[in-house]
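So this one's data.cif, mmCIF, C-alpha atoms and all ligand atoms:
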```
data_upload
loop_
_atom_site.label_atom_id
_atom_site.label_comp_id
_atom_site.auth_asym_id
_atom_site.auth_seq_id
_atom_site.Cartn_x
_atom_site.Cartn_y
_atom_site.Cartn_z
CA MET A 1 112.33 70.77 79.40
CA ARG A 2 110.75 74.12 78.57
CA ALA A 3 109.68 76.11 81.63
CA VAL A 4 108.42 79.59 82.36
CA VAL A 5 110.77 81.02 84.98
CA PHE A 6 111.69 84.40 86.42
CA SER A 7 114.98 85.57 87.91
CA ARG A 8 113.80 88.70 89.74
CA TYR A 9 110.48 90.01 91.02
CA GLY A 10 108.82 92.47 88.67
CA ASP A 11 106.29 93.07 85.90
CA GLU A 12 105.31 90.61 83.14
CA SER A 13 108.60 91.19 81.31
CA VAL A 14 110.54 89.19 83.93
CA LEU A 15 108.89 85.98 82.71
CA GLU A 16 110.91 83.98 80.22
CA VAL A 17 110.64 80.56 78.62
CA ALA A 18 113.90 78.76 79.45
CA GLU A 19 115.39 75.30 79.08
CA ARG A 20 115.57 73.80 82.58
CA PRO A 21 116.63 70.40 83.98
CA ALA A 22 113.77 67.96 84.49
CA PRO A 23 112.56 67.97 88.13
CA ARG A 24 113.32 64.86 90.18
CA PRO A 25 110.42 63.53 92.26
CA ALA A 26 111.06 63.30 96.02
CA ASP A 27 109.54 60.53 98.17
CA GLY A 28 105.77 60.46 97.74
CA GLU A 29 105.88 62.58 94.59
CA VAL A 30 104.65 61.75 91.11
CA LEU A 31 106.33 63.01 87.93
CA VAL A 32 103.76 64.45 85.52
CA GLU A 33 104.04 65.48 81.89
CA VAL A 34 102.12 68.75 82.05
CA ARG A 35 99.63 69.33 79.23
CA ALA A 36 98.04 72.50 80.59
CA ALA A 37 98.55 74.91 83.49
CA GLY A 38 95.89 77.08 85.10
CA VAL A 39 96.52 80.79 85.73
CA ASN A 40 95.54 82.31 89.08
CA PRO A 41 95.99 85.80 90.57
CA VAL A 42 98.50 84.32 93.05
CA ASP A 43 100.76 83.63 90.04
CA TRP A 44 101.29 87.32 89.25
CA LYS A 45 101.34 88.15 92.97
CA HIS A 46 104.24 85.68 93.21
CA ARG A 47 105.96 87.21 90.17
CA GLU A 48 105.62 90.66 91.75
CA GLY A 49 107.08 89.43 95.06
CA GLN A 50 103.84 89.79 97.06
CA VAL A 51 104.05 86.02 97.66
CA ARG A 52 107.62 84.83 98.22
CA SER A 53 109.39 81.55 98.66
CA ASP A 54 112.78 80.91 100.20
CA ARG A 55 114.17 79.15 97.13
CA PRO A 56 116.82 80.84 94.97
CA PHE A 57 116.07 82.30 91.53
CA PRO A 58 115.25 81.30 88.88
CA LEU A 59 111.82 80.41 90.25
CA GLY A 60 109.12 78.38 88.54
CA MET A 61 105.61 79.66 88.03
CA GLY A 62 102.06 78.42 88.62
CA TRP A 63 100.26 75.94 90.89
CA ASP A 64 97.56 74.36 88.73
CA MET A 65 98.19 71.59 86.27
CA ALA A 66 96.69 68.71 84.32
CA GLY A 67 98.77 66.11 82.53
CA THR A 68 99.77 62.47 82.31
CA VAL A 69 101.76 60.43 84.82
CA LEU A 70 105.34 59.58 83.77
CA ARG A 71 106.64 58.13 87.03
CA THR A 72 104.54 57.09 90.02
CA VAL A 73 104.75 55.81 93.59
CA PRO A 74 103.26 52.69 95.20
CA GLY A 75 99.50 53.22 95.56
CA GLY A 76 99.61 56.21 93.20
CA PRO A 77 98.01 56.71 89.78
CA GLY A 78 99.16 54.50 86.94
CA VAL A 79 101.81 55.55 84.43
CA GLY A 80 100.02 57.18 81.50
CA GLU A 81 96.97 58.09 83.61
CA ALA A 82 95.47 61.54 83.11
CA VAL A 83 95.54 63.50 86.37
CA TYR A 84 95.02 67.01 87.67
CA GLY A 85 96.12 68.74 90.82
CA MET A 86 97.40 71.74 92.70
CA LEU A 87 101.06 72.02 93.70
CA PRO A 88 101.77 72.99 97.32
CA LEU A 89 102.28 76.70 98.02
CA PRO A 90 104.64 78.59 98.00
CA TYR A 91 106.80 76.86 95.35
CA GLY A 92 105.34 77.25 91.87
CA GLY A 93 106.25 75.02 88.95
CA ALA A 94 103.26 74.19 86.80
CA TYR A 95 104.06 76.40 83.79
CA GLN A 96 106.51 73.81 82.48
CA GLU A 97 106.66 70.56 80.54
CA LEU A 98 107.35 68.35 83.57
CA CYS A 99 106.45 68.81 87.21
CA THR A 100 106.54 66.85 90.44
CA VAL A 101 103.43 66.69 92.62
CA PRO A 102 102.79 65.00 95.99
CA VAL A 103 100.61 61.98 95.26
CA ALA A 104 98.06 63.19 97.85
CA ALA A 105 97.51 66.36 95.79
CA LEU A 106 96.44 64.49 92.64
CA ALA A 107 93.15 63.11 91.38
CA PRO A 108 92.09 61.51 88.09
CA ARG A 109 91.28 64.14 85.46
CA PRO A 110 87.49 64.44 85.17
CA THR A 111 86.63 62.39 82.13
CA ARG A 112 84.42 65.01 80.50
CA LEU A 113 87.15 67.67 80.65
CA THR A 114 90.04 68.35 78.29
CA PHE A 115 93.47 68.89 79.84
CA GLU A 116 92.96 72.65 79.42
CA GLU A 117 89.61 72.59 81.21
CA ALA A 118 90.96 70.34 83.96
CA ALA A 119 93.90 72.68 84.60
CA ALA A 120 91.38 75.46 85.23
CA VAL A 121 89.94 73.66 88.23
CA PRO A 122 92.27 72.82 91.13
CA LEU A 123 93.30 75.98 92.99
CA ALA A 124 90.11 77.99 92.40
CA ALA A 125 87.75 75.07 93.01
CA LEU A 126 89.61 73.91 96.13
CA THR A 127 89.50 77.47 97.47
CA ALA A 128 85.73 77.62 96.98
CA TRP A 129 85.32 74.11 98.44
CA GLN A 130 87.44 74.83 101.51
CA ALA A 131 85.87 78.27 102.06
CA LEU A 132 82.38 76.74 102.12
CA ALA A 133 83.57 73.91 104.37
CA ALA A 134 85.03 76.46 106.79
CA ALA A 135 81.61 78.05 107.09
CA GLY A 136 79.90 74.81 108.09
CA THR A 137 76.50 73.78 106.73
CA VAL A 138 75.26 75.87 103.81
CA ALA A 139 72.10 73.85 103.01
CA GLY A 140 69.09 76.11 103.34
CA ARG A 141 71.31 79.11 104.14
CA ARG A 142 71.60 82.44 102.35
CA VAL A 143 75.06 82.71 100.79
CA LEU A 144 76.51 85.82 99.12
CA VAL A 145 79.50 85.31 96.81
CA HIS A 146 81.33 88.44 95.71
CA ALA A 147 82.78 88.24 92.19
CA GLY A 148 80.66 85.23 91.30
CA ALA A 149 81.92 85.23 87.71
CA GLY A 150 85.61 84.93 88.65
CA GLY A 151 87.73 81.82 89.04
CA VAL A 152 86.90 81.12 92.68
CA GLY A 153 83.47 82.73 92.49
CA HIS A 154 82.08 80.62 89.66
CA PHE A 155 82.96 77.43 91.55
CA ALA A 156 81.70 78.81 94.87
CA VAL A 157 78.25 79.67 93.52
CA GLN A 158 77.87 76.23 91.95
CA PHE A 159 79.10 74.33 95.02
CA ALA A 160 76.82 76.38 97.27
CA LYS A 161 73.81 75.78 94.99
CA HIS A 162 74.61 72.09 94.83
CA ALA A 163 74.74 72.00 98.63
CA GLY A 164 71.25 73.52 98.80
CA ALA A 165 71.99 77.17 99.57
CA HIS A 166 70.11 80.24 98.33
CA VAL A 167 72.86 82.03 96.41
CA THR A 168 73.30 85.71 95.68
CA ALA A 169 76.37 86.76 93.69
CA THR A 170 77.83 90.03 92.46
CA ALA A 171 79.30 90.69 89.02
CA SER A 172 79.37 93.43 86.44
CA ALA A 173 76.32 93.72 84.16
CA ARG A 174 77.89 91.75 81.31
CA ASN A 175 78.21 88.69 83.59
CA LEU A 176 74.70 88.58 85.09
CA ASP A 177 73.37 86.12 82.50
CA PHE A 178 76.41 83.96 83.10
CA LEU A 179 75.59 83.90 86.82
CA ARG A 180 71.99 82.90 86.01
CA ARG A 181 73.26 80.02 83.87
CA LEU A 182 75.37 78.85 86.82
CA GLY A 183 72.19 78.67 88.91
CA VAL A 184 72.62 81.83 90.98
CA ASP A 185 69.26 82.78 92.52
CA GLU A 186 69.97 86.50 92.76
CA PRO A 187 72.60 87.88 90.37
CA VAL A 188 73.48 91.43 91.42
CA ASP A 189 75.08 94.15 89.30
CA ARG A 190 77.92 95.28 91.52
CA ALA A 191 77.85 98.79 90.07
CA GLU A 192 74.14 99.33 90.75
CA ALA A 193 72.97 97.36 93.74
CA ASP A 194 72.74 98.40 97.35
CA LEU A 195 73.26 94.99 98.90
CA SER A 196 72.66 96.29 102.41
CA ALA A 197 69.02 97.01 101.46
CA GLY A 198 68.24 93.28 101.10
CA GLU A 199 67.94 90.43 103.58
CA PRO A 200 71.20 89.70 105.42
CA HIS A 201 73.19 86.56 104.59
CA ASP A 202 74.27 83.61 106.70
CA LEU A 203 77.57 83.51 104.83
CA VAL A 204 79.42 86.13 102.81
CA LEU A 205 82.40 85.05 100.73
CA ASP A 206 84.74 87.96 99.98
CA THR A 207 86.89 87.21 96.95
CA VAL A 208 87.76 90.86 96.30
CA GLY A 209 89.16 92.43 99.48
CA GLY A 210 89.57 96.09 100.44
CA ALA A 211 86.30 98.03 100.36
CA VAL A 212 84.36 94.85 99.54
CA GLN A 213 85.60 93.19 102.74
CA ARG A 214 84.83 96.31 104.80
CA SER A 215 81.28 96.58 103.43
CA SER A 216 80.67 92.83 103.86
CA TRP A 217 80.25 93.00 107.64
CA ALA A 218 76.94 94.81 107.21
CA LEU A 219 75.68 92.08 104.86
CA VAL A 220 76.07 89.20 107.35
CA ARG A 221 73.33 88.45 109.85
CA PRO A 222 74.27 88.37 113.55
CA GLY A 223 75.68 84.91 114.21
CA GLY A 224 76.63 84.50 110.54
CA THR A 225 80.02 84.04 108.91
CA LEU A 226 82.36 86.15 106.79
CA ILE A 227 85.09 84.30 104.90
CA THR A 228 87.81 86.38 103.25
CA LEU A 229 90.25 85.13 100.63
CA PRO A 230 92.54 87.83 99.20
CA GLU A 231 93.42 89.41 102.54
CA PRO A 232 93.33 88.63 106.25
CA VAL A 233 90.36 89.91 108.23
CA ASP A 234 90.84 93.63 108.91
CA GLU A 235 90.43 93.64 112.69
CA ALA A 236 89.67 97.38 112.74
CA TYR A 237 86.26 96.62 111.23
CA ARG A 238 85.42 93.40 113.08
CA VAL A 239 81.79 93.18 114.19
CA PRO A 240 81.16 91.20 117.41
CA GLY A 241 78.86 88.23 116.89
CA ILE A 242 80.05 87.53 113.33
CA ALA A 243 82.52 84.68 112.84
CA ALA A 244 85.15 85.90 110.41
CA ARG A 245 88.33 84.32 109.15
CA ARG A 246 90.55 84.07 106.12
CA VAL A 247 90.82 80.74 104.35
CA VAL A 248 94.10 79.87 102.59
CA VAL A 249 93.77 77.09 100.05
CA ALA A 250 95.68 73.82 100.47
CA PRO A 251 96.18 71.00 97.94
CA ASP A 252 93.73 68.12 98.42
CA GLY A 253 93.55 65.27 95.93
CA ALA A 254 90.61 63.62 97.72
CA ALA A 255 88.52 66.80 97.42
CA LEU A 256 89.55 67.11 93.77
CA GLY A 257 88.22 63.58 93.30
CA GLU A 258 84.83 64.67 94.71
CA ILE A 259 84.85 67.85 92.63
CA GLY A 260 85.72 65.81 89.55
CA ALA A 261 82.74 63.55 90.21
CA LEU A 262 80.43 66.61 90.35
CA ILE A 263 81.92 67.86 87.08
CA ASP A 264 81.48 64.47 85.40
CA ARG A 265 77.84 64.34 86.54
CA GLY A 266 77.26 67.71 84.89
CA ALA A 267 76.53 69.34 88.26
CA VAL A 268 79.42 71.80 87.96
CA HIS A 269 80.50 73.72 84.85
CA VAL A 270 84.11 74.82 84.31
CA GLU A 271 84.33 78.15 82.50
CA VAL A 272 87.53 78.78 80.53
CA GLN A 273 87.66 82.28 79.10
CA GLU A 274 90.79 81.69 77.03
CA VAL A 275 93.59 79.19 76.42
CA LEU A 276 96.96 80.74 75.55
CA PRO A 277 100.19 78.95 74.57
CA LEU A 278 102.89 78.64 77.26
CA ARG A 279 105.06 81.26 75.53
CA GLU A 280 102.28 83.81 76.16
CA ALA A 281 102.38 83.44 79.96
CA ALA A 282 103.18 87.14 80.29
CA GLU A 283 100.05 88.05 78.30
CA ALA A 284 97.99 85.71 80.51
CA HIS A 285 99.32 87.52 83.60
CA ARG A 286 98.50 90.88 82.06
CA ILE A 287 94.90 89.80 81.41
CA SER A 288 94.50 88.20 84.86
CA ARG A 289 95.85 91.27 86.61
CA GLN A 290 93.09 93.43 85.10
CA GLY A 291 90.67 91.50 87.34
CA ARG A 292 87.95 90.98 84.70
CA VAL A 293 88.41 87.30 83.76
CA ARG A 294 85.21 85.24 83.48
CA GLY A 295 86.02 81.82 84.88
CA LYS A 296 89.64 80.93 84.16
CA LEU A 297 92.66 81.50 81.94
CA VAL A 298 94.75 78.48 80.99
CA LEU A 299 98.15 77.93 79.37
CA SER A 300 98.51 75.07 76.94
CA VAL A 301 101.91 73.43 77.46
N1 LIG B 1 93.23 82.76 100.24
C1 LIG B 1 93.39 81.92 99.22
O1 LIG B 1 93.82 80.78 99.40
C2 LIG B 1 93.01 82.35 97.84
C3 LIG B 1 92.78 81.37 96.86
C4 LIG B 1 92.36 81.76 95.59
C5 LIG B 1 92.24 83.11 95.31
N2 LIG B 1 92.53 84.03 96.26
C6 LIG B 1 92.40 85.46 95.95
O2 LIG B 1 91.02 85.74 95.76
C7 LIG B 1 90.88 86.71 94.75
C8 LIG B 1 89.94 86.18 93.66
O3 LIG B 1 90.59 85.12 92.98
P1 LIG B 1 90.00 84.63 91.59
O4 LIG B 1 90.88 83.58 91.08
O5 LIG B 1 88.55 84.37 91.72
O6 LIG B 1 90.19 85.98 90.73
P2 LIG B 1 89.71 86.32 89.27
O7 LIG B 1 89.21 85.11 88.58
O8 LIG B 1 90.80 87.08 88.61
O9 LIG B 1 88.49 87.30 89.52
C9 LIG B 1 88.01 88.00 88.42
C10 LIG B 1 86.57 88.39 88.66
O10 LIG B 1 86.50 89.37 89.68
C11 LIG B 1 85.37 90.16 89.43
N3 LIG B 1 85.55 91.45 90.13
C12 LIG B 1 86.61 92.28 90.02
N4 LIG B 1 86.44 93.32 90.87
C13 LIG B 1 85.27 93.12 91.53
C14 LIG B 1 84.53 93.84 92.52
N5 LIG B 1 85.00 95.00 93.03
N6 LIG B 1 83.35 93.33 92.96
C15 LIG B 1 82.88 92.18 92.46
N7 LIG B 1 83.52 91.47 91.51
C16 LIG B 1 84.70 91.93 91.06
C17 LIG B 1 85.28 90.24 87.93
O11 LIG B 1 83.93 90.17 87.57
P3 LIG B 1 83.20 91.35 86.82
O12 LIG B 1 84.11 91.72 85.68
O13 LIG B 1 81.90 90.76 86.43
O14 LIG B 1 83.08 92.43 87.83
C18 LIG B 1 85.96 88.97 87.42
O15 LIG B 1 85.06 88.03 86.89
C19 LIG B 1 92.29 87.06 94.28
O16 LIG B 1 92.75 88.17 95.01
C20 LIG B 1 93.09 85.84 94.67
O17 LIG B 1 94.47 86.10 94.84
C21 LIG B 1 92.90 83.68 97.51
#
```

For this file, write the structure as structure tokens.
Amino acid sequence: MRAVVFSRYGDESVLEVAERPAPRPADGEVLVEVRAAGVNPVDWKHREGQVRSDRPFPLGMGWDMAGTVLRTVPGGPGVGEAVYGMLPLPYGGAYQELCTVPVAALAPRPTRLTFEEAAAVPLAALTAWQALAAAGTVAGRRVLVHAGAGGVGHFAVQFAKHAGAHVTATASARNLDFLRRLGVDEPVDRAEADLSAGEPHDLVLDTVGGAVQRSSWALVRPGGTLITLPEPVDEAYRVPGIAARRVVVAPDGAALGEIGALIDRGAVHVEVQEVLPLREAAEAHRISRQGRVRGKLVLSV
């Protein structure tokens, strides 16, 4: 099978399309013919060695996929069924023609989505889902999502709205209309706004890190919650009385089933900025690394 692999950590040039043996499913794993793979920032962080696994090179790439079932397990999806899912971290292997996935990480592909759109969902949507769940009830609460136009952000704002929150989200000026279309109550130009001048939030979701995490403490009301994603909580800035923690995404087929139902009801929109062919994985990483993607990038396999 064709697979995008890399044999040393480095820049985009270490990625190559190679002929690799087909993966063999272990107990509880389903073999999937991959039709599309989602691209996430963790993919290039893995390629650069910021996220490492203990397996030997060459390593596979990517955690998000949508495809059809080739071999299944008792109680699993049927052969030929269209599925989507997130592979367990830290071993990538979605940028390839065949992959093995624990059955518990899979859900039926939402019927209104193409394979490319479905592959855009799992990791980013599960991150948003699990981050909101970690914060407890969001109904009636004021939620601020940083980078609301990004992969995680565009799901987080929609899930929070659907759950009944009042949602504020930051983006650059060109994405403010996009945020409005997603239902954001207060889209904020991140270059212009002084967020600390407004009402504090019950929950702030930091999808950016660094200075954004540091400035987020002042935007949470006492007793509120700060959830960080790119980095652990920087203890040097911790504010007593604010619950703060990092959420690390985990595969969850049952949650993907619920997310798929929201998508099929038209309650959640999946934004795909661009679909590139598998052989252009390096270009997809280059674009993702610039940090300006609206929604998601996807590789067609
Ligand atoms: N802990 C976990 O399990 C977990 C899971 C998923 C992701 N992450 C991490 O979370 C981060 C976000 O992931 P993602 O997939 O959402 O990334 P992404 O899709 O690449 O994010 C791109 C978006 O970020 C926005 N942006 C860039 N700099 C910004 C800033 N300073 N302030 C506000 N918005 C900014 C851009 O919007 P504009 O162009 O409109 O500014 C763009 O739409 C990454 O670091 C990723 O590795 C962690």

Q | Nearby polymer residues, ligand LIG 1 (chain B), at most 8 Å, all atoms listed in the file, as a ChimeraX atom specification | A | /A:40-42,45,123-124,127-128,146-154,170-176,190,206-209,212,228-231,246-250,288-296

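With all atoms listed in the file as the atoms that count, the minimum distance from Ser7 in chain A to the choices A:Ala191, A:Leu59, A:Leu31, A:Ile259 is reached by A:Leu59.
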
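We find CA of His46 in chain A and CA of Pro58 in chain A to be spaced 12.6 Å apart.
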
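Comparing the minimum interatomic distances between Pro56 in chain A and each of A:Val83, A:Leu89, A:Tyr9, A:Phe178, counting only C-alpha atoms, we find that A:Tyr9 sits nearest.
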
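Interatomic distance, CA of Glu274 in chain A against CA of Val301 in chain A: 13.9 Å.
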
Q) Out of A:Pro74, A:Gly140, A:Pro187, A:Gly62, which residue has the shortest atom-to-atom distance to Ala165 in chain A when counting all atoms listed in the file? A) A:Gly140

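Here CA of Val39 in chain A is placed at a distance of 5.6 Å from CA of Val298 in chain A.
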
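All residues of protein, DNA or RNA that reach within 9 Å of Gly257 in chain A, judged by all atoms listed in the file and not counting those fewer than 2 positions away in the chain, are Leu106, Ala107, Pro108, Arg109, Pro110, Asp252, Gly253, Ala254, Ala255, Ile259, Gly260, Ala261 and Leu262 of chain A.
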
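Using all atoms listed in the file, the smallest distance between any of A:Gly92, A:Ala267, A:Pro77, A:Ala120 and Arg55 in chain A comes from A:Gly92.
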
Sorted by chain and rising residue number, which residues of range 60-176 of chain A lie within 7 Å of range 27-30 of chain A, and what are their closest atom pairs and distances in Å to one decimal, counting all atoms listed in the file, as a tab-separated table?
```
residue	atom	partner	partner_atom	distance
A:Arg71	CA	A:Val30	CA	5.8
A:Thr72	CA	A:Val30	CA	4.8
A:Val73	CA	A:Gly28	CA	6.3
A:Thr100	CA	A:Val30	CA	5.5
A:Val101	CA	A:Glu29	CA	5.2
A:Pro102	CA	A:Glu29	CA	4.2
A:Val103	CA	A:Glu29	CA	5.3
```

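Closest approach to Ala3 in chain A among A:Val51, A:Val272, A:Val220, A:Leu98: A:Leu98, based on only C-alpha atoms.
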
Could you write out as AutoDock Vina command-line options the box around range 132-149 of chain A (axis-aligned, all atoms listed in the file, 4 Å on each side), with centre and edge lengths in Å to one decimal?
```
--center_x 77.1 --center_y 81.1 --center_z 97.9 --size_x 23.9 --size_y 22.7 --size_z 28.4
```

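Shortest separation to Arg20 in chain A among A:Ala134, A:Val5, A:Val32, A:Leu297 occurs at residue A:Val5, atoms counted being all atoms listed in the file.
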
**Q.** Spatial neighbours of Val204 in chain A, max dist 7 Å, only C-alpha atoms, sep filter under 3 positions, as a ChimeraX atom specification
**A.** /A:143-145,201,216,220,225-227
